[in-house]
Amino acid sequence: MNKRFLIIAACLLTIDAHASWYGGVNLGINSTNIKKNLDYPLAGTALTSANYHSGYSGFHGQLFAGYDFDFKEQISVAVEGNADLFTGRALYRINNWSFLANVNAKEKLENGFSIFLLPTYQMNPYVKVFAGPGVSTSRFIINSNDTAGNEGVSGHFSKWLVGGGLKAGAAASFTENLDLLFTYQFTQYQNASWTNAEPVSGEFLRGHYQPHAHIVMVGLSLHLPEVIRYSK
């Protein structure tokens with residue numbers, strides 16, 4: 001799916017059409033949920049599994065730039081790249097995990113990048129709507145305190161996760177080249193797996209983590225003067 005998306009985006013760059021560059025900034029809130037599955041002990045005959053969720057909300061910032069192709073009077077398609085900053089973190093605590101020691105763990109998405117293919121419909125001279133699929137990658141981080149026993153997340157773990165998503169919204173024109181944006185973005189990330197040893201028993205625990213993020217933003221988009229591409 002990701003390869004097909006990139007091929008389609010590349011093909012658009014070779015099509016003859018009225019086209020223009022644009023860029024801007026979005027500010028808003030991200031709501032992130034992390035689904036977890038823990039298996040312990042891996043070498044035991046009686047494997048115990050636990051499933052639960054943790055979530056958080058925080059400020060979100062996004063820089064974007066894109067190339068917009070006008071095919072008809074009311075229809076266009078944009079290829080857009082984003083750079084994202086996530087804030088906030090999920091905190092959870094397990095009391096008396098081992099020898100009265102507690103577990104305090106923190107999980108979060110930190111930053112990321114994405115590319116979207118956004119078909120756009122011009123409803124009237126002042127308002128247009130857009131929606132389309134995309135591919136994202138973001139850094140997922142787990143931190144926990146050191147305890148006598150832990151749930152497999154002792155210390156620090158980080159991994160860049162890839163996911164698929166959807167971006168949709170509306171743009172209201174202030175001027176010919178300046179738009180006010182209202183945007184919703186969703187990304188479902190791949191699983192991250194981590195296996196670690198419990199310090200006391202020496203048994204191994206495996207954790208599977210799968211985050212997804214909902215983002216609501218308001219922003220400004222500036223369009224550069226339109227250029228026309230010609231084939232040779």
# chains A, B, ... in the order shown; residues from 1 in each chain; ligands from 1
$ residues_around --residues "A:Tyr67" --least-positions-apart "5" --cutoff "8 Å" --atoms "only C-alpha atoms" --output "list in words"
Ala19, Ser20, Trp21, Tyr22, Ala78, Val79 and Glu80 of chain A
$ write_last_selection --atoms "N, CA and C atoms" --output "PDB file, in the first residue's frame"
ATOM      1  N   ALA A  19      -0.516  24.271 -11.602  1.00  0.00           N
ATOM      2  CA  ALA A  19       0.013  23.790 -10.330  1.00  0.00           C
ATOM      3  C   ALA A  19       0.626  24.934  -9.541  1.00  0.00           C
ATOM      4  N   SER A  20       0.655  24.768  -8.223  1.00  0.00           N
ATOM      5  CA  SER A  20       1.244  25.789  -7.368  1.00  0.00           C
ATOM      6  C   SER A  20       1.752  25.159  -6.082  1.00  0.00           C
ATOM      7  N   TRP A  21       2.801  25.760  -5.538  1.00  0.00           N
ATOM      8  CA  TRP A  21       3.327  25.357  -4.245  1.00  0.00           C
ATOM      9  C   TRP A  21       2.548  26.064  -3.137  1.00  0.00           C
ATOM     10  N   TYR A  22       2.480  25.415  -1.984  1.00  0.00           N
ATOM     11  CA  TYR A  22       1.879  26.052  -0.813  1.00  0.00           C
ATOM     12  C   TYR A  22       2.560  25.514   0.443  1.00  0.00           C
ATOM     13  N   ALA A  78      -3.587  17.486  -4.259  1.00  0.00           N
ATOM     14  CA  ALA A  78      -2.338  17.969  -3.674  1.00  0.00           C
ATOM     15  C   ALA A  78      -1.517  16.803  -3.137  1.00  0.00           C
ATOM     16  N   VAL A  79      -0.205  16.900  -3.301  1.00  0.00           N
ATOM     17  CA  VAL A  79       0.739  16.011  -2.629  1.00  0.00           C
ATOM     18  C   VAL A  79       1.376  16.835  -1.512  1.00  0.00           C
ATOM     19  N   GLU A  80       1.157  16.415  -0.264  1.00  0.00           N
ATOM     20  CA  GLU A  80       1.548  17.244   0.882  1.00  0.00           C
ATOM     21  C   GLU A  80       2.445  16.478   1.845  1.00  0.00           C
TER      22      GLU A  80
END
$ select_by_dssp --residues "stretch 104-204 of chain A" --states "strand (DSSP E)" --output "number ranges by chain"
A: 104-122, 127-144, 155-173, 178-189, 192-197, 204
$ atom_distance --atom1 "atom CA of A:Leu91" --atom2 "atom CA of A:Phe113"
24.5 Å
$ closest_atom_pairs --of "stretch 54-89 of chain A" --to "stretch 178-195 of chain A" --cutoff "12 Å" --atoms "only C-alpha atoms" --output "CSV"
residue,atom,partner,partner_atom,distance
A:His60,CA,A:Gln185,CA,11.3
A:Gln62,CA,A:Thr183,CA,11.0
A:Phe64,CA,A:Leu181,CA,11.9
A:Asn82,CA,A:Gln185,CA,11.3
A:Asp84,CA,A:Gln185,CA,11.4
$ closest_residue --among "A:His214, A:Leu220, A:Asn26, A:Asn51" --to "A:Ser173" --atoms "only C-alpha atoms"
A:Leu220
$ atom_distance --atom1 "atom CA of A:Ser54" --atom2 "atom CA of A:Ile215"
16.8 Å
$ closest_residue --among "A:Gly132, A:Pro125, A:Gly112, A:Pro119" --to "A:Gly163" --atoms "only C-alpha atoms"
A:Gly112
$ residues_around --residues "A:Tyr121" --least-positions-apart "3" --cutoff "9 Å" --atoms "only C-alpha atoms" --output "list of chain:residue names"
A:Gln74, A:Ile75, A:Ser76, A:Val77, A:Val127, A:Lys128, A:Val129, A:Phe130
$ write_last_selection --atoms "C-alpha atoms" --output "mmCIF file, in the first residue's frame"
data_model
loop_
_atom_site.group_PDB
_atom_site.id
_atom_site.type_symbol
_atom_site.label_atom_id
_atom_site.label_comp_id
_atom_site.auth_asym_id
_atom_site.auth_seq_id
_atom_site.Cartn_x
_atom_site.Cartn_y
_atom_site.Cartn_z
ATOM 1 C CA GLN A 74 -13.489 22.839 -8.998
ATOM 2 C CA ILE A 75 -11.229 19.793 -8.613
ATOM 3 C CA SER A 76 -7.565 19.595 -7.635
ATOM 4 C CA VAL A 77 -5.173 17.090 -6.052
ATOM 5 C CA VAL A 127 -14.520 27.434 0.699
ATOM 6 C CA LYS A 128 -12.962 24.123 -0.333
ATOM 7 C CA VAL A 129 -12.861 20.692 1.294
ATOM 8 C CA PHE A 130 -10.193 17.997 1.101
#
$ closest_residue --among "A:Lys72, A:Arg206, A:Lys159, A:His223" --to "A:Lys108" --atoms "only C-alpha atoms"
A:Lys159
$ closest_residue --among "A:Phe71, A:Tyr126, A:Tyr52, A:Phe204" --to "A:Ile34" --atoms "only C-alpha atoms"
A:Tyr52
$ closest_residue --among "A:Thr32, A:Gln122, A:Gly169, A:Phe69" --to "A:Phe140" --atoms "only C-alpha atoms"
A:Thr32
